[in-house]
Each structure stands twice: as C-alpha cells, then as structure tokens.
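Asker: First, the structure itself, so that you have it in front of you.
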Number of protein chains: 2
Amino acid sequence: MSPAQPSGPPSGAASGTPSATGDRAQGWRTLAALHARIEDGIERALQRRHGLSVNEFCVLHHLAGPDGRHIRMQQLADKLVLSQSATTRLVARLEKRGLLTRVLSEEDRRGIYAEATPEGRKVHDEAAPTHNAALDDALAEASRLPELTPLVEALEGLANLKV
Amino acid sequence: MSPAQPSGPPSGAASGTPSATGDRAQGWRTLAALHARIEDGIERALQRRHGLSVNEFCVLHHLAGPDGRHIRMQQLADKLVLSQSATTRLVARLEKRGLLTRVLSEEDRRGIYAEATPEGRKVHDEAAPTHNAALDDALAEASRLPELTPLVEALEGLANLKV
DNA sequence: GTTCATTTATTGCAGAAGCATGTATTTGCA
DNA sequence: TGCAAATACATGCTTCTGCAATAAATGAAC
C-alpha cells in the first residue's frame, strides 16, 4: 500500500529505505504546513473574540476539565510542550487576569499547582465553542483537497489518546 | 472514555454532530502535541549541529530544490505560513550569513526573489540528513504508542501533496 | 546532622514573530 | 494623462519564547 516514488531527488538519509525517509519528510512538511494554517485560524479566532492565545486557551482547557483542575507547572509545561520559563510566564499572565490561581503544594514545597478560578472556567466555556468552530472550519477547508481527507478522518481516531 | 464537554454547552459548531466535533477537538490536541514534540526535536537537532532554525532550514529547502530556486518573498511567506515581516527578517538573516541572495525582479520592480547561494545549497545538503534523521527518530518514538502508528503511516500517503 | 546531586520554579537576556505603519511600484478607471 | 486603490517589502514596536543562571526544597550518602 505504499506508492514508493522511484524517481527521487538525492534524499540522502541514513535509516530505513532512503525513499521512504524522503517520503516521510515530504509528508511531514505537508502536515506541518497544514498544522500551521489550522493553528493560525484558531489563534486568530480566539484572539479576536476572547483575547486568548492558543496556549492560554490550552491551559484553561487542562484546568477546567472535570479531572484536571490541579496541575503542577512542570506537568503543564509537558502537556503544552513549552519550556519552564514560558510556562511560568504563561501562568503568570493568566493569574494576573484572574483566570487561575497559584496554590503552593504542601507535600512538596517546591511545587506549585495551577487551578482555574470560576472566572477562568467561564472564559474557557465561552471560548471552547469558538475554538471548536474554528477547528471545524479549518478542517473543512482542508478537506477540499481530497488527499487530506484521510488525515482529517485519522484525527477522530486519535480522540482517545492524550500524549 | 472521553473527558469532553461535561454538560453540553451547545458547542456551536455548524457541521456534524456535537460529539464528533468534540472528538475532533481532542484528536486535534493530540496531533498538535505530537507535532510540537516532533518539531522541537528537529529544531534542537538542526540548531545544535548546523545553527539553523526549522524555518531557516525550510527556506533553504525551498530554494535548494531543483525547481524552486527562484522564489518571491510573498510565496515564501505563504509556503512557510509566516507574516510578511517575519519573512523579510528570516530572509535577511540568511542573506547576512551568505546562504542566499536577494534579486530584484525586473518585470515587477516591487518583487524580490530569494535565491540560494552555493554556500546555502551546501548548508542545506549537510543539514537535510540531520533533519530527516531527527524526523525518523521522532516518528519512531511516536510509534511506540501503537495508537499513533496509523497517523505515521498516513504521513507517507501525504508525500505527493504540497499545500 | 551535614553535604551534595537532583528537581521545581523564577528571572535576565536575546532572538523571533505579529500588527500597524510607511514607502515604492503597479494597476485600474475616468 | 491623472489619480485612487492595490500590491510587495521593509521598519518600529510589543509580545512571547528559549537558554542560561539562580534560589529553594527534597532526597540520598555518609
């Protein structure tokens, strides 16, 4: 099921079949461009209508969920794939806006938990439909290229995972 | 199963059932996290071994290809999903390092073409294996979660597209 | 009980990106 | 021709990010 492209540029890779590696790189670039476009659309929608960046919304999403209302900075950094410092400042911004609070851990006094405030939950619940609508729009737009539809469908198969 | 929207706010998406929208959002978050992790890995590898960011490498990739050695700023911005100003500075950085040159268009004197220098092609050819190896590593790492393998396979199916 | 390596979070600094704006050039229309 | 609108880049300013250095707390070795 793999249409290996025989006539390839000198994609000199090391591991696996060279052509497969080249194909993966090309597919990756396509995926990365698609991802950037979708995220850009979501970013603009959230920014314009709620004054939130994608990362800010993502923090609220993790904190506003029924089971995730108590998350350490480090875990947050891991979930968002951000550096420690970026996470510190991201949380500080949201705290300054009153959307979350920092709670000192009592077992490990180095640890700091982020918790959503009621206001933070409210903002999240308002912004979530915007986020989902922007995502659906972007995916629908992407599906106009029929080669992308399998990717869009694969997305729903990922629903159960949380990397 | 899924910690989606607890008590259904009418997730105001237009298309499809609400639960499908929720699944898409969850899948999107998984994909976004995976994307961030892979890009982070590639970024570090390129930065450490060649002093290039992903975007800088990407510019060289588009310029060093056999057919793409003559690209306008605007096209470049579109391919990279970057703003005009970011593209201006990205190209300026690479020009300062001698990896590309700006060429004024003669038909449309507003236009500026970016072209790779021999040095730029050399750097690209050296960096490409690093890029591909880092990608393969990241994908192999991702495949350790068996639920992600279909996504990785889908990647190779995208090889023919160029968004 | 003291000492040292590790983990957690914050801060100074520099790099990179976007928005708004400015300048030059082209295009369209009267 | 003459002039308004659009297009293509560049620049000023602000925001967000990562890296390196720092401080506080924990845990293990002795």
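Ordering of the structure tokens sets the chain letters (A, B, ...); residue numbers start at 1 within each chain; ligands are numbered from 1 in the order shown.
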Within 8 Å of chain B, which residues of chain D are there when counting only C-alpha atoms (C1' of nucleotides)? Please give them as a PyMOL selection string.

Answerer: chain D and resi 8-10

Asker: With a distance cut-off of 9 Å and only C-alpha atoms (C1' of nucleotides), select the neighbouring residues of DA16 of chain C, excluding the residue or stretch itself and same-chain residues fewer than 3 positions from it, and output the selection as an MDAnalysis selection string.

Answerer: (chainID B and resid 86 89:90) or (chainID D and resid 17)

Asker: Keeping C-alpha atoms (C1' of nucleotides), export the residues of the selection given above as an mmCIF file, in the first residue's frame.

Answerer:
```cif
data_model
loop_
_atom_site.group_PDB
_atom_site.id
_atom_site.type_symbol
_atom_site.label_atom_id
_atom_site.label_comp_id
_atom_site.auth_asym_id
_atom_site.auth_seq_id
_atom_site.Cartn_x
_atom_site.Cartn_y
_atom_site.Cartn_z
ATOM 1 C CA ALA B 86 8.764 37.602 9.669
ATOM 2 C CA ARG B 89 13.676 39.186 8.591
ATOM 3 C CA LEU B 90 14.087 35.473 8.055
ATOM 4 C "C1'" DT D 17 9.682 32.048 23.666
#
```

Asker: Write out as a PDB file with C-alpha atoms, in the first residue's frame the residues lying within 8 Å of His131 of chain B, counting only C-alpha atoms (C1' of nucleotides) and excluding same-chain residues fewer than 6 positions away.

Answerer:
```pdb
ATOM      1  CA  ILE B  42      14.040  18.696  14.737  1.00  0.00           C
ATOM      2  CA  ALA B  45      18.983  18.839  16.147  1.00  0.00           C
ATOM      3  CA  LEU B  46      19.243  21.489  13.437  1.00  0.00           C
TER       4      LEU B  46
END
```

Asker: Apply DSSP to the structure's backbone, then extract all residues of chain A labelled strand (DSSP E) and return them as a list in words.

Answerer: Ile71, Arg72, Leu100, Thr101, Arg102, Val103, Leu104, Ile112, Tyr113, Ala114, Glu115 and Ala116 of chain A

Asker: Following superposition of chain B onto chain A on all C-alpha atoms, paired in order, what is the C-alpha RMSD to one decimal in Å?

Answerer: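 Result: 2.8 Å C-alpha RMSD.
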
Asker: In Å, how far is it from atom CA of Trp28 of chain A to atom CA of Arg102 of chain B?

Answerer: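 Distance reported for this atom pair: 27.9 Å.
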
Asker: Find the spatial neighbours of DT15 of chain D, counting only C-alpha atoms (C1' of nucleotides), within a cut-off of 10 Å - ignore same-chain residues fewer than 2 positions away - and output them as a JSON list (two decimals) with N, CA and C atoms (P, O5', C5', C4', C3', O3' and C1' of nucleotides), in the first residue's frame.

Answerer:
```
[["chain", "number", "residue", "atom", "x", "y", "z"],
["C", 17, "DA", "P", 10.67, 33.44, 13.22],
["C", 17, "DA", "O5'", 9.25, 34.08, 13.54],
["C", 17, "DA", "C5'", 8.37, 33.42, 14.42],
["C", 17, "DA", "C4'", 7.25, 34.35, 14.82],
["C", 17, "DA", "C3'", 6.59, 35.05, 13.62],
["C", 17, "DA", "O3'", 5.24, 34.67, 13.48],
["C", 17, "DA", "C1'", 7.17, 36.60, 15.36],
["C", 18, "DG", "P", 4.36, 35.27, 12.28],
["C", 18, "DG", "O5'", 3.53, 36.41, 13.00],
["C", 18, "DG", "C5'", 2.75, 36.10, 14.17],
["C", 18, "DG", "C4'", 2.03, 37.34, 14.65],
["C", 18, "DG", "C3'", 1.28, 38.09, 13.54],
["C", 18, "DG", "O3'", 0.01, 38.52, 14.01],
["C", 18, "DG", "C1'", 2.91, 39.52, 14.54],
["D", 13, "DC", "P", 10.23, 52.82, 17.80],
["D", 13, "DC", "O5'", 9.19, 51.77, 18.39],
["D", 13, "DC", "C5'", 7.78, 51.98, 18.20],
["D", 13, "DC", "C4'", 7.00, 50.77, 18.68],
["D", 13, "DC", "C3'", 7.44, 50.24, 20.05],
["D", 13, "DC", "O3'", 6.36, 50.35, 20.97],
["D", 13, "DC", "C1'", 7.18, 48.48, 18.48],
["D", 17, "DT", "P", 4.37, 31.76, 24.54],
["D", 17, "DT", "O5'", 5.88, 31.30, 24.29],
["D", 17, "DT", "C5'", 6.31, 31.02, 22.96],
["D", 17, "DT", "C4'", 7.83, 30.90, 22.92],
["D", 17, "DT", "C3'", 8.42, 30.01, 24.00],
["D", 17, "DT", "O3'", 8.78, 28.75, 23.47],
["D", 17, "DT", "C1'", 9.68, 32.05, 23.67]]
```

Asker: Could you pull out the helix (DSSP H, G or I) residues of segment 63-108 of chain A, going by DSSP on the backbone, and write them as a VMD selection string?

Answerer: chain A and resid 63 to 64 73 to 80 84 to 96

Asker: Save out the residues we just selected, N, CA and C atoms, as a JSON list (two decimals), in the first residue's frame.

Answerer:
```json
[["chain", "number", "residue", "atom", "x", "y", "z"],
["A", 63, "LEU", "N", -7.09, 22.95, 32.86],
["A", 63, "LEU", "CA", -7.50, 23.25, 34.23],
["A", 63, "LEU", "C", -9.01, 23.15, 34.41],
["A", 64, "ALA", "N", -9.75, 23.39, 33.36],
["A", 64, "ALA", "CA", -11.20, 23.46, 33.51],
["A", 64, "ALA", "C", -11.86, 22.10, 33.39],
["A", 73, "MET", "N", 3.15, 23.03, 37.54],
["A", 73, "MET", "CA", 3.77, 23.76, 36.45],
["A", 73, "MET", "C", 4.49, 22.81, 35.50],
["A", 74, "GLN", "N", 5.22, 21.91, 36.07],
["A", 74, "GLN", "CA", 6.01, 21.00, 35.25],
["A", 74, "GLN", "C", 5.14, 20.16, 34.33],
["A", 75, "GLN", "N", 4.05, 19.63, 34.89],
["A", 75, "GLN", "CA", 3.13, 18.84, 34.07],
["A", 75, "GLN", "C", 2.54, 19.69, 32.96],
["A", 76, "LEU", "N", 2.23, 20.91, 33.32],
["A", 76, "LEU", "CA", 1.66, 21.82, 32.33],
["A", 76, "LEU", "C", 2.65, 22.06, 31.19],
["A", 77, "ALA", "N", 3.89, 22.31, 31.56],
["A", 77, "ALA", "CA", 4.93, 22.52, 30.55],
["A", 77, "ALA", "C", 5.02, 21.30, 29.64],
["A", 78, "ASP", "N", 4.90, 20.13, 30.23],
["A", 78, "ASP", "CA", 5.00, 18.90, 29.44],
["A", 78, "ASP", "C", 3.81, 18.75, 28.50],
["A", 79, "LYS", "N", 2.62, 19.02, 29.01],
["A", 79, "LYS", "CA", 1.43, 18.89, 28.19],
["A", 79, "LYS", "C", 1.47, 19.87, 27.03],
["A", 80, "LEU", "N", 1.95, 21.09, 27.28],
["A", 80, "LEU", "CA", 1.93, 22.11, 26.24],
["A", 80, "LEU", "C", 3.18, 22.09, 25.39],
["A", 84, "GLN", "N", 10.13, 25.61, 30.73],
["A", 84, "GLN", "CA", 9.73, 26.03, 32.07],
["A", 84, "GLN", "C", 9.42, 27.51, 32.11],
["A", 85, "SER", "N", 10.32, 28.30, 31.54],
["A", 85, "SER", "CA", 10.15, 29.75, 31.67],
["A", 85, "SER", "C", 8.89, 30.21, 30.95],
["A", 86, "ALA", "N", 8.64, 29.67, 29.78],
["A", 86, "ALA", "CA", 7.44, 30.07, 29.06],
["A", 86, "ALA", "C", 6.20, 29.71, 29.87],
["A", 87, "THR", "N", 6.25, 28.54, 30.53],
["A", 87, "THR", "CA", 5.10, 28.13, 31.33],
["A", 87, "THR", "C", 4.91, 29.07, 32.51],
["A", 88, "THR", "N", 6.00, 29.41, 33.17],
["A", 88, "THR", "CA", 5.90, 30.35, 34.29],
["A", 88, "THR", "C", 5.19, 31.63, 33.86],
["A", 89, "ARG", "N", 5.62, 32.16, 32.72],
["A", 89, "ARG", "CA", 5.05, 33.45, 32.31],
["A", 89, "ARG", "C", 3.65, 33.30, 31.78],
["A", 90, "LEU", "N", 3.38, 32.20, 31.12],
["A", 90, "LEU", "CA", 2.02, 31.93, 30.64],
["A", 90, "LEU", "C", 1.06, 31.89, 31.81],
["A", 91, "VAL", "N", 1.42, 31.15, 32.85],
["A", 91, "VAL", "CA", 0.57, 31.06, 34.04],
["A", 91, "VAL", "C", 0.48, 32.42, 34.73],
["A", 92, "ALA", "N", 1.60, 33.14, 34.75],
["A", 92, "ALA", "CA", 1.58, 34.45, 35.41],
["A", 92, "ALA", "C", 0.62, 35.39, 34.69],
["A", 93, "ARG", "N", 0.61, 35.34, 33.36],
["A", 93, "ARG", "CA", -0.32, 36.19, 32.63],
["A", 93, "ARG", "C", -1.76, 35.87, 33.00],
["A", 94, "LEU", "N", -2.07, 34.59, 33.00],
["A", 94, "LEU", "CA", -3.46, 34.21, 33.29],
["A", 94, "LEU", "C", -3.82, 34.51, 34.73],
["A", 95, "GLU", "N", -2.84, 34.39, 35.62],
["A", 95, "GLU", "CA", -3.13, 34.72, 37.00],
["A", 95, "GLU", "C", -3.43, 36.21, 37.15],
["A", 96, "LYS", "N", -2.64, 37.02, 36.44],
["A", 96, "LYS", "CA", -2.86, 38.46, 36.52],
["A", 96, "LYS", "C", -4.24, 38.84, 36.01]]
```

Asker: Distance cut-off 12 Å, counting only C-alpha atoms (C1' of nucleotides) - which residues of chain C neighbour chain B? Return them as a ChimeraX atom specification.

Answerer: /C:15-21,23-27
